[in-house]
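*Asks:* What follows is a single structure, and I will ask about it in a moment.
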Amino acid sequence: MDITTLTYIIVGITFALYIGIAIWSRAGSTKDFYVAGGGVSPVANGMATAADWMSAASFISMAGIISFQGYDGSVYLMGWTGGYVLLALLLAPYLRKFGKFTVPDFVGERYYSQSARFVAVLCALFVSFTYVAGQMRGVGIVFSRFLNVDINTGVIIGMCIVFFYAVLGGMKGITYTQVAQYCVLIFAYMVPAIFISIQLTGNPIPQLGLGSEMADGSGFLLDRLDGLSGELGLTAYTEGQKSWLDVFCITAALMVGTAGLPHVIVRFFTVKRVKDARSSAGLALVFIAILYTTAPSLAAFGKMNMINAVGGKEGIAYKQAPDWFKSWEKAGLIGWPDKNNDGTLQYRKGRAFTENKLEKAEGDATGPFGQVIYANEVDASSENEVYVDRDIMVLANPEIAQLPNWVIALVAAGGLAAALSTAAGLLLVISASVSHDLLKKGLMPNISEKTELVYARISAAVAVVIAGYFGINPPGFVASVVAFAFGLAASSFFPIIIMGIFSKRINKEGAIAGMITGLLFTLIYIVYYKFIDKDATLLFGISPEGIGTVGMILNFIVTFVVSLITPAPPQSVQELVENIRYPRGAGKATAH
Amino acid sequence: MEPSKNDSADKTKMQAYWKKNISYLLILLSIWFLVSYVFGILLVEPLDQIRLGGFKLGFWFAQQGSIYTFVILIFVYVRLMNNLDKEFDVDEK
């Protein structure tokens, strides 16, 4: 059976499964809709959290980024897992005991202030919309590459599916669908990794394969990779180029950002007891770690296969290049500007083109060797002639390793599961922020639970449409706004939630001043270095991705100092802080 | 919430519980910091001189070891806290 038919069948089966689960578990009350009735088992919650957390970026892009950056790619591995330690130890149990529905709920009550709640709602909406646009785009890309439909049609199909189960099922529907999506995505990630690990090293466990000797007897895989990189003039795979301070700051911003993301935090409101909140953070990390410890193996295997496929230092004639090289070239994800016109691929240090997104030349022109001609400017400062899009490492790995067609179809279903599960979780945060924090707790306090549920569904529906719009017309800066999401979550939410739990003395003046300082500092730094003056010298060499760490430190300092010079919070708030520190009585706390 | 007895014995007990919790946090977070920021970033070059099979040790911590440690840390914390909750009688019934 050909790949497209197989992909249709596998993707079709998974979609039917998601919809079936959504119908079986639809929400009946606001509590079902926001926190799945507060009675999800820790294992199910762990899997759902893992699927929620691992987006199209984790599934499709991360291994590719590590593949090209080597050691420097470690920031994503440590950054996107270490945050769960912070969540489990510092946030999840206390927020569960607090027992409300949303992060702005906590901010509003702990800091006894509607303005604090409002600032928190704005941050939550901004972070979630940025993120969800990227997911819808991811859905579109997977559809267009594997199912031969137009990207926009792909986005619309994705919208309909998410619409169906997020609007109908709320958190309850989403949670059980995400459990299924986790199973699909982890299976789809592991199967090719295991196959390739056996091919290259003979070891069926990819995590161990990374540290094993090559099956062809050419020494340890990583040493071989360092050697090959050296021959091509690239930085050794196991060494980095970034400064230690930059690596430090980016890792910290990603970790703290993870712990401050509203769609992640809200998962811990869905379990029964405080002790379940602790263990489900641990289980979530186990499920995430399975993928995250496999990613560096997949990255190294992919790099090895790719260097060999393009003939290493000598290069190979374009005519002899493997089929996958040409088919992904047609898809615009591989490019070969034959800089010296010798008809041979030369993979070297530096960039093949000056830009990172390829545009085909008019009329689908081809060069003298049959290669696709791109309209992009060739980077003359480097001898490198091979452009490879990062996303290929996961998507094309099965083809590069010549695995059977069903494995390739499975990867498509996995990518869709990763993107859809994250999109659904984010849409729920958006809808809860609007119907619960903005309407019920703000503008329309007198609405009944039934009306609130209607508003929740309407806002989820509107959010799907807006997300779809951004998926079809992506703002040019989608990739760079991800830095926003983490930086803002790290510099706004995290410090004031932590201090709100661990100190009774921190008051609303401190929290508002701290949130605004952290947010503005981070926002201005990112906007300046990403959009206004891209080539300016960075402050202490910290890239915009890592500046959230500095914003967070500023937030801590400002919140602390301002709180000390203004009056202590009221007695009732101090009692609330006292109360969330002890687990007993969490079951009753969910009631309004 | 149980009806809280405001007698001082109860209060001292609660403070002892919280203090113990904080000391667990400090120890576990130090390990968290050590495996990722110290072993994986600050000391990566000297550690890379040591080999662990086909891995350089610093590189292994950055791409594998830190993640395994994170998982273990959370489960150790869950265990410690479940016991502490029982010991101080604040666990959920």
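Ordered as shown in the structure tokens, chains take letters A, B, and onward, while each chain numbers its residues from 1 and ligands are numbered from 1 in the order shown.
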Show me which bits of chain A are within 9 Å of chain B, counting only C-alpha atoms, as an NGL selection string.
*Replies:* :A and (71 or 73-75 or 77-78 or 81-82 or 84-86 or 88-90 or 207 or 210-213 or 219-223 or 238-239 or 244-245 or 247-248 or 251-252 or 273-275 or 278-279 or 281-283 or 285-286 or 289 or 292-294 or 296 or 579 or 581-589)
*Asks:* Output as a list in words all residues of range 190-219 of chain A that backbone DSSP marks as helix (DSSP H, G or I).
*Replies:*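 These are the residues in question: Met190, Val191, Pro192, Ala193, Ile194, Phe195, Ile196, Ser197, Ile198, Gln199, Leu200, Thr201, Pro206, Gln207, Leu208 and Gly209 of chain A.
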*Asks:* Any idea what the distance is between CA of Ser448 in chain A and CA of Phe101 in chain A?
*Replies:*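 These two atoms are separated by 16.3 Å.
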*Asks:* Which one of B:Glu87, B:Ser30, B:Leu57, B:Leu80 sits closest to Lys13 in chain B if you count only C-alpha atoms?
*Replies:*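 Checking each of B:Glu87, B:Ser30, B:Leu57, B:Leu80 against Lys13 in chain B, counting only C-alpha atoms, the winner is B:Glu87.
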*Asks:* Work out how far apart CA of Thr549 in chain A and CA of Met499 in chain A are and give it in Å to one decimal.
*Replies:*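 So the answer is 16.3 Å.
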*Asks:* Report the distance between CA of Gly343 in chain A and CA of Val372 in chain A in Å, rounded to one decimal place.
*Replies:*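 Going from CA of Gly343 in chain A over to CA of Val372 in chain A, I get 12.9 Å.
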